[in-house]
Amino acid sequence: MERHTIFAAAIGAGMLLVAPALAQTTPPAMISVTGEATISVPPDQAQVEAGATSYAKTARLASETNNAAVGQLLLALKAANIDQKDIQTSRLLLQPQYEPNHNPPTVVGYRASNQVTVRLRDVSKVASTIDLLVGAGATDIGGVSFTVSQASKLLDDAREQAVADARRKAEIYAKAAGVALGAPLSISEEGGSPGPVFRAKMAAAPMAATPIAQGEETLSVTVNVSWAIKQGQ
């Protein structure tokens, strides 16, 4: 009899231990929605990629010719009061050039290329800077991109708007279901989309001033929010 009593007590204790574990796996009642927000602003900074390409019979002559050409670009930028910290070498190449359709391959010369990235803190100077570079001997204008310097602050504003949008949607669902929202259980961000980028390619000096359309940067945020449903409503 004593042995049966101990066995029954052990079973009862096991059931008490299992019951809370099962209860913990049951997800709470919740409403999950997605909130979105988009902010469009004009860019206030730009980057221009420019450089020069030179050809010569020897690697040394191609490199020296190219160095002189890029030196003229840097002097022109300095004369235009572009801060040196806003000018950075972004590509430097020296490659052999081969005679086409010749076997075995025969080197007939060398190609030297140097490209710099220029940051402009005034987007109204983009067109004049490109014209300045081309006039100073630039043979390559790799592209123009626009950015927003205060993107982080603007994204924070968008995050607040996205959460407010999520709450608005959740309250609609709660009202339709006859329940009330409790505290948020989880908030996650999917991320933002990059703004538009204007790209340009040129091989020679334009006949007139370079037209530039800066457009607007679009910053977007998407959040996923889950709210608990208040009990006893």
# chains A, B, ... in the order shown; residues from 1 in each chain; ligands from 1
>>> closest_atom_pairs(of="segment 33-141 of chain A", to="segment 149-164 of chain A", cutoff="6 Å", atoms="only C-alpha atoms", output="CSV")
residue,atom,partner,partner_atom,distance
A:Gly35,CA,A:Ala162,CA,4.7
A:Glu36,CA,A:Ala162,CA,4.5
A:Ala37,CA,A:Ala162,CA,4.8
>>> closest_residue(among="A:Ala174, A:Leu92, A:Ile31, A:Leu181", to="Val225 of chain A", atoms="only C-alpha atoms")
A:Ile31
>>> atom_distance(atom1="atom CA of Asp86 of chain A", atom2="atom CA of Thr218 of chain A")
24.6 Å
>>> residues_around(residues="Gly137 of chain A", least_positions_apart="4", cutoff="9 Å", atoms="only C-alpha atoms", output="ChimeraX atom specification")
/A:51-52,69-70,72-73,132-133,205
>>> residues_around(residues="Arg111 of chain A", least_positions_apart="5", cutoff="10 Å", atoms="only C-alpha atoms", output="ChimeraX atom specification")
/A:53-59,61-63,66,93-97
>>> select_by_dssp(residues="segment 64-107 of chain A", states="helix (DSSP H, G or I)", output="ChimeraX atom specification")
/A:64-79,84-86
>>> closest_residue(among="A:Ala136, A:Val118, A:Ala112, A:Ala170", to="Arg60 of chain A", atoms="only C-alpha atoms")
A:Ala112
>>> residues_around(residues="segment 184-189 of chain A", least_positions_apart="6", cutoff="7 Å", atoms="only C-alpha atoms", output="ChimeraX atom specification")
/A:222-228
>>> write_last_selection(atoms="C-alpha atoms", output="PDB file, in the first residue's frame")
ATOM      1  CA  THR A 222       8.733  49.549 -42.522  1.00  0.00           C
ATOM      2  CA  VAL A 223       8.110  48.144 -39.042  1.00  0.00           C
ATOM      3  CA  ASN A 224       6.345  45.016 -37.827  1.00  0.00           C
ATOM      4  CA  VAL A 225       4.562  45.476 -34.501  1.00  0.00           C
ATOM      5  CA  SER A 226       2.611  43.012 -32.375  1.00  0.00           C
ATOM      6  CA  TRP A 227       0.241  44.236 -29.652  1.00  0.00           C
ATOM      7  CA  ALA A 228      -1.184  42.166 -26.855  1.00  0.00           C
TER       8      ALA A 228
END
>>> atom_distance(atom1="atom CA of Thr117 of chain A", atom2="atom CA of Phe146 of chain A")
12.8 Å
>>> closest_residue(among="A:Thr38, A:Glu49, A:Lys230, A:Pro104", to="Ile130 of chain A", atoms="only C-alpha atoms")
A:Glu49
